[in-house]
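Chemist: protein03.cif is the file, holding mmCIF, N, CA and C atoms:
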data_coords
#
loop_
_atom_site.label_atom_id
_atom_site.label_comp_id
_atom_site.auth_asym_id
_atom_site.auth_seq_id
_atom_site.Cartn_x
_atom_site.Cartn_y
_atom_site.Cartn_z
N CYS F 1 0.85 -1.18 0.00
CA CYS F 1 0.00 0.00 0.00
C CYS F 1 0.89 1.24 0.00
N ARG F 2 0.60 2.19 -0.86
CA ARG F 2 1.45 3.38 -0.96
C ARG F 2 1.45 4.17 0.34
N TYR F 3 0.34 4.18 1.09
CA TYR F 3 0.31 4.90 2.36
C TYR F 3 1.29 4.29 3.34
N HIS F 4 1.36 2.97 3.38
CA HIS F 4 2.28 2.32 4.31
C HIS F 4 3.72 2.57 3.90
N THR F 5 3.99 2.63 2.60
CA THR F 5 5.34 2.91 2.14
C THR F 5 5.79 4.28 2.61
N ILE F 6 4.95 5.28 2.42
CA ILE F 6 5.31 6.63 2.86
C ILE F 6 5.41 6.68 4.37
N ALA F 7 4.48 6.01 5.07
CA ALA F 7 4.53 5.99 6.53
C ALA F 7 5.83 5.39 7.02
N LEU F 8 6.26 4.30 6.38
CA LEU F 8 7.50 3.66 6.80
C LEU F 8 8.70 4.56 6.54
N LEU F 9 8.70 5.24 5.42
CA LEU F 9 9.81 6.13 5.11
C LEU F 9 9.87 7.29 6.09
N LEU F 10 8.72 7.84 6.41
CA LEU F 10 8.69 8.99 7.31
C LEU F 10 8.92 8.60 8.76
N ALA F 11 8.45 7.43 9.14
CA ALA F 11 8.54 7.02 10.55
C ALA F 11 9.77 6.18 10.83
N HIS F 12 10.67 6.08 9.86
CA HIS F 12 11.93 5.37 10.05
C HIS F 12 11.68 3.92 10.45
N ASN F 13 10.85 3.25 9.67
CA ASN F 13 10.57 1.82 9.82
C ASN F 13 9.81 1.45 11.09
N ASN F 14 9.05 2.36 11.66
CA ASN F 14 8.13 2.01 12.73
C ASN F 14 6.89 1.38 12.10
N PRO F 15 6.03 0.73 12.87
CA PRO F 15 4.81 0.14 12.30
C PRO F 15 3.97 1.20 11.60
N PRO F 16 3.13 0.79 10.62
CA PRO F 16 2.30 1.76 9.91
C PRO F 16 1.43 2.56 10.87
N HIS F 17 1.19 3.79 10.51
CA HIS F 17 0.36 4.74 11.24
C HIS F 17 0.85 5.00 12.66
N PRO F 18 2.15 5.22 12.84
CA PRO F 18 2.65 5.52 14.18
C PRO F 18 2.31 6.95 14.53
N PRO F 19 2.36 7.29 15.81
CA PRO F 19 2.28 8.71 16.12
C PRO F 19 3.53 9.37 15.57
N PRO F 20 3.42 10.61 15.10
CA PRO F 20 4.60 11.26 14.54
C PRO F 20 5.74 11.31 15.56
N PRO F 21 6.98 11.03 15.11
CA PRO F 21 8.10 11.07 16.03
C PRO F 21 8.38 12.50 16.49
N ASP F 22 9.02 12.61 17.64
CA ASP F 22 9.41 13.90 18.16
C ASP F 22 10.81 14.23 17.70
N LEU F 23 11.07 15.50 17.56
CA LEU F 23 12.43 15.98 17.30
C LEU F 23 12.86 16.78 18.50
N ASN F 24 14.08 16.59 18.93
CA ASN F 24 14.60 17.37 20.04
C ASN F 24 15.39 18.55 19.49
N THR F 25 15.07 19.71 19.99
CA THR F 25 15.73 20.93 19.57
C THR F 25 16.41 21.53 20.80
N HIS F 26 17.67 21.86 20.66
CA HIS F 26 18.41 22.41 21.79
C HIS F 26 18.57 23.92 21.62
N ARG F 27 18.05 24.65 22.58
CA ARG F 27 18.20 26.11 22.58
C ARG F 27 18.58 26.53 24.00
N ASP F 28 19.65 27.25 24.11
CA ASP F 28 20.12 27.73 25.42
C ASP F 28 20.26 26.60 26.43
N GLY F 29 20.72 25.45 25.98
CA GLY F 29 20.95 24.32 26.87
C GLY F 29 19.71 23.58 27.29
N LYS F 30 18.55 23.99 26.83
CA LYS F 30 17.30 23.32 27.19
C LYS F 30 16.84 22.46 26.03
N THR F 31 16.22 21.34 26.35
CA THR F 31 15.69 20.47 25.31
C THR F 31 14.20 20.75 25.16
N MET F 32 13.83 21.09 23.95
CA MET F 32 12.43 21.32 23.64
C MET F 32 12.00 20.23 22.66
N THR F 33 10.77 19.80 22.74
CA THR F 33 10.28 18.77 21.85
C THR F 33 9.23 19.35 20.92
N LYS F 34 9.32 18.99 19.65
CA LYS F 34 8.29 19.40 18.70
C LYS F 34 7.98 18.22 17.79
N LYS F 35 6.78 18.20 17.27
CA LYS F 35 6.36 17.12 16.37
C LYS F 35 6.98 17.35 14.99
N LEU F 36 7.33 16.25 14.35
CA LEU F 36 7.86 16.30 12.99
C LEU F 36 6.80 16.84 12.04
N THR F 37 7.16 17.81 11.25
CA THR F 37 6.28 18.37 10.24
C THR F 37 6.89 18.10 8.88
N VAL F 38 6.07 17.67 7.95
CA VAL F 38 6.52 17.36 6.59
C VAL F 38 6.29 18.59 5.72
N SER F 39 7.34 19.02 5.04
CA SER F 39 7.23 20.12 4.09
C SER F 39 7.05 19.52 2.70
N LEU F 40 5.98 19.91 2.04
CA LEU F 40 5.61 19.35 0.74
C LEU F 40 5.95 20.35 -0.35
N LEU F 41 6.79 19.93 -1.28
CA LEU F 41 7.18 20.79 -2.39
C LEU F 41 6.31 20.46 -3.60
N ASP F 42 5.43 21.37 -3.93
CA ASP F 42 4.52 21.20 -5.07
C ASP F 42 4.94 22.19 -6.14
N TYR F 43 5.53 21.68 -7.21
CA TYR F 43 5.98 22.58 -8.27
C TYR F 43 4.91 22.78 -9.34
N GLY F 44 3.74 22.17 -9.14
CA GLY F 44 2.62 22.40 -10.03
C GLY F 44 2.24 21.25 -10.93
N ALA F 45 2.98 20.15 -10.90
CA ALA F 45 2.64 19.04 -11.80
C ALA F 45 2.72 17.68 -11.12
N GLY F 46 2.81 17.65 -9.82
CA GLY F 46 2.91 16.37 -9.13
C GLY F 46 1.55 15.85 -8.68
N ASN F 47 1.51 14.59 -8.29
CA ASN F 47 0.30 14.00 -7.75
C ASN F 47 0.26 14.31 -6.25
N VAL F 48 0.10 15.57 -5.94
CA VAL F 48 0.24 16.04 -4.58
C VAL F 48 -0.91 15.58 -3.69
N ARG F 49 -2.11 15.50 -4.23
CA ARG F 49 -3.26 15.14 -3.40
C ARG F 49 -3.11 13.77 -2.76
N SER F 50 -2.69 12.78 -3.52
CA SER F 50 -2.51 11.43 -2.98
C SER F 50 -1.40 11.41 -1.93
N VAL F 51 -0.32 12.09 -2.21
CA VAL F 51 0.79 12.14 -1.25
C VAL F 51 0.36 12.87 0.02
N ARG F 52 -0.35 13.97 -0.14
CA ARG F 52 -0.86 14.71 1.02
C ARG F 52 -1.77 13.82 1.87
N ASN F 53 -2.67 13.08 1.23
CA ASN F 53 -3.57 12.18 1.96
C ASN F 53 -2.79 11.11 2.71
N ALA F 54 -1.76 10.56 2.08
CA ALA F 54 -0.96 9.52 2.73
C ALA F 54 -0.24 10.07 3.96
N ILE F 55 0.32 11.24 3.83
CA ILE F 55 1.08 11.83 4.95
C ILE F 55 0.15 12.17 6.10
N THR F 56 -0.97 12.82 5.81
CA THR F 56 -1.88 13.21 6.89
C THR F 56 -2.55 11.99 7.52
N SER F 57 -2.80 10.94 6.74
CA SER F 57 -3.41 9.74 7.32
C SER F 57 -2.46 9.05 8.31
N CYS F 58 -1.20 9.35 8.21
CA CYS F 58 -0.21 8.80 9.13
C CYS F 58 0.02 9.71 10.34
N GLY F 59 -0.72 10.79 10.42
CA GLY F 59 -0.67 11.65 11.60
C GLY F 59 0.32 12.80 11.55
N TYR F 60 0.89 13.07 10.39
CA TYR F 60 1.86 14.15 10.27
C TYR F 60 1.18 15.44 9.84
N SER F 61 1.74 16.55 10.28
CA SER F 61 1.30 17.86 9.80
C SER F 61 2.08 18.18 8.53
N ILE F 62 1.47 18.99 7.69
CA ILE F 62 2.11 19.36 6.41
C ILE F 62 2.19 20.87 6.31
N ILE F 63 3.33 21.32 5.81
CA ILE F 63 3.52 22.71 5.42
C ILE F 63 3.79 22.70 3.92
N ASP F 64 3.07 23.52 3.18
CA ASP F 64 3.33 23.65 1.75
C ASP F 64 4.47 24.64 1.55
N ILE F 65 5.47 24.23 0.81
CA ILE F 65 6.59 25.11 0.51
C ILE F 65 6.14 26.08 -0.58
N THR F 66 6.17 27.36 -0.25
CA THR F 66 5.76 28.39 -1.19
C THR F 66 6.88 29.38 -1.49
N SER F 67 8.00 29.22 -0.77
CA SER F 67 9.14 30.10 -1.03
C SER F 67 10.43 29.34 -0.71
N PRO F 68 11.52 29.69 -1.37
CA PRO F 68 12.79 29.01 -1.14
C PRO F 68 13.26 29.07 0.32
N SER F 69 12.92 30.14 1.03
CA SER F 69 13.38 30.28 2.42
C SER F 69 12.79 29.19 3.32
N GLN F 70 11.66 28.63 2.98
CA GLN F 70 11.05 27.57 3.78
C GLN F 70 11.83 26.26 3.71
N ILE F 71 12.61 26.08 2.68
CA ILE F 71 13.35 24.83 2.50
C ILE F 71 14.37 24.65 3.61
N ALA F 72 15.09 25.68 3.96
CA ALA F 72 16.11 25.59 5.01
C ALA F 72 15.49 25.26 6.36
N GLU F 73 14.25 25.66 6.58
CA GLU F 73 13.58 25.46 7.86
C GLU F 73 12.87 24.11 7.96
N ALA F 74 12.83 23.34 6.89
CA ALA F 74 12.05 22.10 6.85
C ALA F 74 12.65 21.01 7.74
N ASP F 75 11.76 20.25 8.43
CA ASP F 75 12.17 19.05 9.16
C ASP F 75 12.51 17.95 8.16
N VAL F 76 11.62 17.76 7.20
CA VAL F 76 11.78 16.76 6.14
C VAL F 76 11.02 17.28 4.92
N ILE F 77 11.57 17.06 3.74
CA ILE F 77 10.92 17.51 2.51
C ILE F 77 10.47 16.29 1.72
N VAL F 78 9.23 16.36 1.23
CA VAL F 78 8.71 15.37 0.29
C VAL F 78 8.42 16.12 -1.00
N PHE F 79 8.99 15.62 -2.09
CA PHE F 79 8.85 16.26 -3.39
C PHE F 79 8.31 15.24 -4.40
N PRO F 80 6.97 15.19 -4.57
CA PRO F 80 6.41 14.31 -5.58
C PRO F 80 6.41 15.03 -6.93
N GLY F 81 6.52 14.28 -8.00
CA GLY F 81 6.48 14.92 -9.30
C GLY F 81 6.21 13.95 -10.42
N VAL F 82 5.53 14.45 -11.41
CA VAL F 82 5.29 13.70 -12.65
C VAL F 82 5.51 14.65 -13.80
N GLY F 83 5.78 14.10 -14.97
CA GLY F 83 5.88 14.94 -16.16
C GLY F 83 7.29 15.12 -16.65
N SER F 84 7.54 16.27 -17.19
CA SER F 84 8.77 16.58 -17.90
C SER F 84 9.88 17.04 -16.95
N TYR F 85 11.02 16.40 -17.07
CA TYR F 85 12.21 16.80 -16.31
C TYR F 85 12.56 18.26 -16.62
N HIS F 86 12.54 18.60 -17.90
CA HIS F 86 12.88 19.95 -18.33
C HIS F 86 11.97 20.97 -17.68
N SER F 87 10.66 20.74 -17.70
CA SER F 87 9.70 21.68 -17.09
C SER F 87 9.92 21.79 -15.59
N ALA F 88 10.15 20.65 -14.95
CA ALA F 88 10.34 20.66 -13.50
C ALA F 88 11.57 21.49 -13.12
N MET F 89 12.68 21.26 -13.81
CA MET F 89 13.90 22.01 -13.50
C MET F 89 13.73 23.50 -13.80
N GLU F 90 13.00 23.80 -14.85
CA GLU F 90 12.74 25.20 -15.18
C GLU F 90 11.95 25.90 -14.07
N VAL F 91 10.94 25.22 -13.54
CA VAL F 91 10.14 25.78 -12.44
C VAL F 91 11.01 25.94 -11.19
N LEU F 92 11.81 24.91 -10.87
CA LEU F 92 12.68 24.99 -9.69
C LEU F 92 13.63 26.18 -9.80
N GLN F 93 14.20 26.38 -10.98
CA GLN F 93 15.14 27.48 -11.19
C GLN F 93 14.43 28.84 -11.15
N THR F 94 13.28 28.93 -11.82
CA THR F 94 12.54 30.20 -11.86
C THR F 94 12.11 30.65 -10.47
N LYS F 95 11.68 29.69 -9.64
CA LYS F 95 11.20 30.03 -8.30
C LYS F 95 12.34 30.10 -7.27
N GLY F 96 13.56 29.77 -7.69
CA GLY F 96 14.70 29.83 -6.78
C GLY F 96 14.80 28.64 -5.84
N TYR F 97 14.05 27.58 -6.12
CA TYR F 97 14.09 26.39 -5.27
C TYR F 97 15.36 25.57 -5.49
N ASP F 98 15.96 25.66 -6.65
CA ASP F 98 17.11 24.80 -6.97
C ASP F 98 18.28 25.05 -6.03
N ALA F 99 18.66 26.29 -5.83
CA ALA F 99 19.79 26.61 -4.94
C ALA F 99 19.46 26.24 -3.49
N ALA F 100 18.23 26.51 -3.06
CA ALA F 100 17.82 26.18 -1.69
C ALA F 100 17.83 24.67 -1.47
N LEU F 101 17.37 23.90 -2.45
CA LEU F 101 17.39 22.44 -2.34
C LEU F 101 18.81 21.91 -2.30
N ARG F 102 19.69 22.45 -3.14
CA ARG F 102 21.09 22.00 -3.13
C ARG F 102 21.71 22.20 -1.75
N GLU F 103 21.46 23.35 -1.15
CA GLU F 103 22.01 23.65 0.18
C GLU F 103 21.41 22.71 1.23
N TYR F 104 20.13 22.49 1.18
CA TYR F 104 19.43 21.60 2.12
C TYR F 104 20.02 20.19 2.01
N LEU F 105 20.15 19.69 0.80
CA LEU F 105 20.63 18.32 0.58
C LEU F 105 22.13 18.19 0.86
N LYS F 106 22.88 19.24 0.64
CA LYS F 106 24.32 19.22 0.94
C LYS F 106 24.56 18.94 2.41
N ASN F 107 23.61 19.34 3.25
CA ASN F 107 23.71 19.14 4.69
C ASN F 107 23.09 17.82 5.13
N ASP F 108 22.84 16.92 4.18
CA ASP F 108 22.35 15.57 4.45
C ASP F 108 21.05 15.59 5.25
N ARG F 109 20.13 16.44 4.83
CA ARG F 109 18.83 16.57 5.50
C ARG F 109 17.84 15.59 4.91
N PRO F 110 16.78 15.21 5.65
CA PRO F 110 15.80 14.22 5.18
C PRO F 110 15.01 14.70 3.97
N TYR F 111 14.96 13.87 2.94
CA TYR F 111 14.33 14.21 1.67
C TYR F 111 13.76 12.95 1.05
N LEU F 112 12.52 13.02 0.60
CA LEU F 112 11.90 11.92 -0.14
C LEU F 112 11.45 12.47 -1.47
N GLY F 113 12.17 12.10 -2.52
CA GLY F 113 11.79 12.48 -3.87
C GLY F 113 11.01 11.33 -4.49
N ILE F 114 9.84 11.62 -4.99
CA ILE F 114 9.00 10.60 -5.61
C ILE F 114 8.99 10.85 -7.11
N CYS F 115 9.39 9.85 -7.87
CA CYS F 115 9.43 9.89 -9.33
C CYS F 115 10.29 11.08 -9.79
N LEU F 116 9.68 12.08 -10.39
CA LEU F 116 10.44 13.23 -10.89
C LEU F 116 11.16 13.98 -9.77
N GLY F 117 10.59 13.93 -8.57
CA GLY F 117 11.25 14.55 -7.41
C GLY F 117 12.60 13.92 -7.12
N MET F 118 12.75 12.63 -7.45
CA MET F 118 14.03 11.95 -7.29
C MET F 118 14.92 12.22 -8.50
N GLN F 119 14.33 12.25 -9.68
CA GLN F 119 15.10 12.49 -10.90
C GLN F 119 15.82 13.83 -10.87
N THR F 120 15.21 14.83 -10.26
CA THR F 120 15.83 16.16 -10.24
C THR F 120 17.14 16.18 -9.47
N LEU F 121 17.39 15.14 -8.66
CA LEU F 121 18.65 15.08 -7.91
C LEU F 121 19.84 14.76 -8.81
N PHE F 122 19.58 14.20 -9.99
CA PHE F 122 20.65 13.79 -10.89
C PHE F 122 21.42 15.01 -11.40
N GLU F 123 22.63 14.74 -11.86
CA GLU F 123 23.44 15.82 -12.44
C GLU F 123 22.81 16.37 -13.71
N SER F 124 22.19 15.48 -14.49
CA SER F 124 21.56 15.92 -15.73
C SER F 124 20.62 14.84 -16.24
N SER F 125 19.88 15.17 -17.29
CA SER F 125 18.99 14.22 -17.93
C SER F 125 19.04 14.43 -19.44
N GLU F 126 18.94 13.34 -20.16
CA GLU F 126 18.91 13.43 -21.62
C GLU F 126 17.48 13.31 -22.14
N GLU F 127 16.51 13.44 -21.24
CA GLU F 127 15.10 13.42 -21.64
C GLU F 127 14.86 14.52 -22.66
N THR F 128 14.00 14.25 -23.62
CA THR F 128 13.71 15.26 -24.64
C THR F 128 13.01 16.46 -24.02
N ASN F 129 13.20 17.61 -24.62
CA ASN F 129 12.55 18.81 -24.11
C ASN F 129 11.13 18.91 -24.68
N GLU F 130 10.42 19.97 -24.35
CA GLU F 130 9.02 20.11 -24.75
C GLU F 130 8.81 20.10 -26.25
N SER F 131 9.79 20.56 -27.01
CA SER F 131 9.63 20.57 -28.46
C SER F 131 9.89 19.20 -29.06
N GLY F 132 10.25 18.22 -28.21
CA GLY F 132 10.45 16.87 -28.69
C GLY F 132 11.84 16.59 -29.24
N HIS F 133 12.72 17.56 -29.13
CA HIS F 133 14.07 17.39 -29.64
C HIS F 133 15.03 17.04 -28.52
N ALA F 134 15.79 16.00 -28.73
CA ALA F 134 16.85 15.67 -27.78
C ALA F 134 18.01 16.61 -28.07
N GLY F 135 18.57 17.15 -27.05
CA GLY F 135 19.69 18.07 -27.23
C GLY F 135 20.75 17.74 -26.19
N ARG F 136 21.45 18.77 -25.77
CA ARG F 136 22.43 18.58 -24.72
C ARG F 136 21.72 18.11 -23.46
N PRO F 137 22.41 17.36 -22.62
CA PRO F 137 21.78 16.96 -21.35
C PRO F 137 21.34 18.19 -20.56
N LEU F 138 20.17 18.09 -19.97
CA LEU F 138 19.64 19.17 -19.17
C LEU F 138 20.19 19.07 -17.76
N PRO F 139 20.77 20.15 -17.21
CA PRO F 139 21.34 20.06 -15.86
C PRO F 139 20.24 19.88 -14.81
N GLY F 140 20.61 19.12 -13.75
CA GLY F 140 19.73 18.90 -12.61
C GLY F 140 20.32 19.52 -11.37
N LEU F 141 19.89 19.07 -10.22
CA LEU F 141 20.41 19.58 -8.95
C LEU F 141 21.84 19.10 -8.69
N GLY F 142 22.18 17.92 -9.24
CA GLY F 142 23.54 17.42 -9.13
C GLY F 142 23.98 17.08 -7.73
N VAL F 143 23.10 16.49 -6.95
CA VAL F 143 23.48 16.09 -5.59
C VAL F 143 23.45 14.59 -5.42
#
Just give me the structure as structure tokens.

Modeler:
Amino acid sequence: CRYHTIALLLAHNNPPHPPPPDLNTHRDGKTMTKKLTVSLLDYGAGNVRSVRNAITSCGYSIIDITSPSQIAEADVIVFPGVGSYHSAMEVLQTKGYDAALREYLKNDRPYLGICLGMQTLFESSEETNESGHAGRPLPGLGV
């Protein structure tokens, strides 16, 4: 079941539908506890509704990423995507998400790329562009 797959990935192999794990944050020597929140990156062409339903059915809160600055603050990012690699990378670049994602991933932060969301991590793709012509490889996030 796709819901259980996402639940297992988010809950670090705990049984399906666990209560969301806590994260410990240290500020001024004190330990504060907060619930894990999933940041959902919707670039406009992913199957976001199904992924959103799976995450919320497992008890997690969701924040929609609407600006690059939210990426650095994310507990975990889920990036579902379908469609054209070229279009996806163009949207990421236009909105400034590409540099923010590179920085986030460089620091080995939790990330679940689904389909095209995983493909964008590659250095490049030889997928044809919208005009149907294969050309030079299209650069990706390269992480």

Chemist: What is the distance, in Å and to one decimal place, between atom N of Pro110 (chain F) and atom N of Leu138 (chain F)?

Modeler: 26.0 Å

Chemist: Would you write out, as a PDB file with N, CA and C atoms, keeping the file's coordinate frame, every residue that the PyMOL selection byres ((chain F and resi 60) around 7) captures in this file?

Modeler:
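Below is the file part28.pdb, written as the result:
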ATOM      1  N   PRO F  19       2.360   7.290  15.810  1.00  0.00           N
ATOM      2  CA  PRO F  19       2.280   8.710  16.120  1.00  0.00           C
ATOM      3  C   PRO F  19       3.530   9.370  15.570  1.00  0.00           C
ATOM      4  N   PRO F  20       3.420  10.610  15.100  1.00  0.00           N
ATOM      5  CA  PRO F  20       4.600  11.260  14.540  1.00  0.00           C
ATOM      6  C   PRO F  20       5.740  11.310  15.560  1.00  0.00           C
ATOM      7  N   LEU F  36       7.330  16.250  14.350  1.00  0.00           N
ATOM      8  CA  LEU F  36       7.860  16.300  12.990  1.00  0.00           C
ATOM      9  C   LEU F  36       6.800  16.840  12.040  1.00  0.00           C
ATOM     10  N   THR F  37       7.160  17.810  11.250  1.00  0.00           N
ATOM     11  CA  THR F  37       6.280  18.370  10.240  1.00  0.00           C
ATOM     12  C   THR F  37       6.890  18.100   8.880  1.00  0.00           C
ATOM     13  N   VAL F  38       6.070  17.670   7.950  1.00  0.00           N
ATOM     14  CA  VAL F  38       6.520  17.360   6.590  1.00  0.00           C
ATOM     15  C   VAL F  38       6.290  18.590   5.720  1.00  0.00           C
ATOM     16  N   ILE F  55       0.320  11.240   3.830  1.00  0.00           N
ATOM     17  CA  ILE F  55       1.080  11.830   4.950  1.00  0.00           C
ATOM     18  C   ILE F  55       0.150  12.170   6.100  1.00  0.00           C
ATOM     19  N   THR F  56      -0.970  12.820   5.810  1.00  0.00           N
ATOM     20  CA  THR F  56      -1.880  13.210   6.890  1.00  0.00           C
ATOM     21  C   THR F  56      -2.550  11.990   7.520  1.00  0.00           C
ATOM     22  N   SER F  57      -2.800  10.940   6.740  1.00  0.00           N
ATOM     23  CA  SER F  57      -3.410   9.740   7.320  1.00  0.00           C
ATOM     24  C   SER F  57      -2.460   9.050   8.310  1.00  0.00           C
ATOM     25  N   CYS F  58      -1.200   9.350   8.210  1.00  0.00           N
ATOM     26  CA  CYS F  58      -0.210   8.800   9.130  1.00  0.00           C
ATOM     27  C   CYS F  58       0.020   9.710  10.340  1.00  0.00           C
ATOM     28  N   GLY F  59      -0.720  10.790  10.420  1.00  0.00           N
ATOM     29  CA  GLY F  59      -0.670  11.650  11.600  1.00  0.00           C
ATOM     30  C   GLY F  59       0.320  12.800  11.550  1.00  0.00           C
ATOM     31  N   SER F  61       1.740  16.550  10.280  1.00  0.00           N
ATOM     32  CA  SER F  61       1.300  17.860   9.800  1.00  0.00           C
ATOM     33  C   SER F  61       2.080  18.180   8.530  1.00  0.00           C
ATOM     34  N   ILE F  62       1.470  18.990   7.690  1.00  0.00           N
ATOM     35  CA  ILE F  62       2.110  19.360   6.410  1.00  0.00           C
ATOM     36  C   ILE F  62       2.190  20.870   6.310  1.00  0.00           C
TER      37      ILE F  62
END

Chemist: What are the centre and the three edge lengths of an axis-aligned box that wraps all atoms of region 105-109 of chain F in the file, given that 6 Å is added to every side, written as JSON and rounded to one decimal in Å?

Modeler:
{"center_x": 21.2, "center_y": 17.6, "center_z": 3.0, "size_x": 18.7, "size_y": 16.1, "size_z": 16.9}

Chemist: Any idea what the distance is between CA of Ala45 (chain F) and CA of Asp75 (chain F)?

Modeler: 23.0 Å

Chemist: Could you find all residues in region 23-88 of chain F that DSSP calls alpha helix (DSSP H) from the backbone, and write them as a list in words?

Modeler: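 So the alpha helix (DSSP H) residues in region 23-88 of chain F would be Val48, Arg49, Ser50, Val51, Arg52, Asn53, Ala54, Ile55, Thr56, Ser57, Ser69, Gln70, Ile71, Ala72, Glu73, Tyr85, His86, Ser87 and Ala88 of chain F.
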
Chemist: Ranking F:Ser125, F:Asn53, F:Asn107, F:Thr66 by minimum distance to Ala88 (chain F) and counting only C-alpha atoms, which one comes first?

Modeler: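 Closest candidate: F:Ser125.
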
Chemist: Just say which residues the PyMOL selection byres (((chain F and resi 39 and name CA) around 7) and name CA) picks in this file, as a PDB file with N, CA and C atoms, in the coordinates of the input.

Modeler:
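Saved the output as out-v6.pdb:
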ATOM      1  N   THR F  37       7.160  17.810  11.250  1.00  0.00           N
ATOM      2  CA  THR F  37       6.280  18.370  10.240  1.00  0.00           C
ATOM      3  C   THR F  37       6.890  18.100   8.880  1.00  0.00           C
ATOM      4  N   VAL F  38       6.070  17.670   7.950  1.00  0.00           N
ATOM      5  CA  VAL F  38       6.520  17.360   6.590  1.00  0.00           C
ATOM      6  C   VAL F  38       6.290  18.590   5.720  1.00  0.00           C
ATOM      7  N   LEU F  40       5.980  19.910   2.040  1.00  0.00           N
ATOM      8  CA  LEU F  40       5.610  19.350   0.740  1.00  0.00           C
ATOM      9  C   LEU F  40       5.950  20.350  -0.350  1.00  0.00           C
ATOM     10  N   LEU F  41       6.790  19.930  -1.280  1.00  0.00           N
ATOM     11  CA  LEU F  41       7.180  20.790  -2.390  1.00  0.00           C
ATOM     12  C   LEU F  41       6.310  20.460  -3.600  1.00  0.00           C
ATOM     13  N   ILE F  62       1.470  18.990   7.690  1.00  0.00           N
ATOM     14  CA  ILE F  62       2.110  19.360   6.410  1.00  0.00           C
ATOM     15  C   ILE F  62       2.190  20.870   6.310  1.00  0.00           C
ATOM     16  N   ILE F  63       3.330  21.320   5.810  1.00  0.00           N
ATOM     17  CA  ILE F  63       3.520  22.710   5.420  1.00  0.00           C
ATOM     18  C   ILE F  63       3.790  22.700   3.920  1.00  0.00           C
ATOM     19  N   ASP F  64       3.070  23.520   3.180  1.00  0.00           N
ATOM     20  CA  ASP F  64       3.330  23.650   1.750  1.00  0.00           C
ATOM     21  C   ASP F  64       4.470  24.640   1.550  1.00  0.00           C
ATOM     22  N   ILE F  65       5.470  24.230   0.810  1.00  0.00           N
ATOM     23  CA  ILE F  65       6.590  25.110   0.510  1.00  0.00           C
ATOM     24  C   ILE F  65       6.140  26.080  -0.580  1.00  0.00           C
ATOM     25  N   ALA F  74      12.830  23.340   6.890  1.00  0.00           N
ATOM     26  CA  ALA F  74      12.050  22.100   6.850  1.00  0.00           C
ATOM     27  C   ALA F  74      12.650  21.010   7.740  1.00  0.00           C
ATOM     28  N   VAL F  76      11.620  17.760   7.200  1.00  0.00           N
ATOM     29  CA  VAL F  76      11.780  16.760   6.140  1.00  0.00           C
ATOM     30  C   VAL F  76      11.020  17.280   4.920  1.00  0.00           C
ATOM     31  N   ILE F  77      11.570  17.060   3.740  1.00  0.00           N
ATOM     32  CA  ILE F  77      10.920  17.510   2.510  1.00  0.00           C
ATOM     33  C   ILE F  77      10.470  16.290   1.720  1.00  0.00           C
ATOM     34  N   VAL F  78       9.230  16.360   1.230  1.00  0.00           N
ATOM     35  CA  VAL F  78       8.710  15.370   0.290  1.00  0.00           C
ATOM     36  C   VAL F  78       8.420  16.120  -1.000  1.00  0.00           C
TER      37      VAL F  78
END

Chemist: Quick one, how far is atom N of Gly142 (chain F) from atom N of Leu116 (chain F)?

Modeler: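 Value for the atom N of Gly142 (chain F)-atom N of Leu116 (chain F) distance: 13.8 Å.
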
Chemist: For Ser67 (chain F), work out the shell of residues within 8 Å, counting all atoms listed in the file and skipping chain neighbours fewer than 4 positions away, then give it as a PyMOL selection string.

Modeler: chain F and resi 71-72+95-97

Chemist: Taking only C-alpha atoms into account, name the residue in F:Gly81, F:Val48, F:Tyr43, F:Thr120 that is nearest to Arg102 (chain F).

Modeler: F:Thr120

Chemist: From the list F:Met89, F:Val82, F:Ala100, F:Val143, which residue is nearest Ile114 (chain F) when using all atoms listed in the file?

Modeler: F:Val82

Chemist: List every residue of region 47-106 of chain F that DSSP, applied to the backbone, labels as strand (DSSP E), and write the result as a list in words.

Modeler: Ser61, Ile62, Ile63, Asp64, Val76, Ile77, Val78, Phe79, Pro80 and Gly81 of chain F
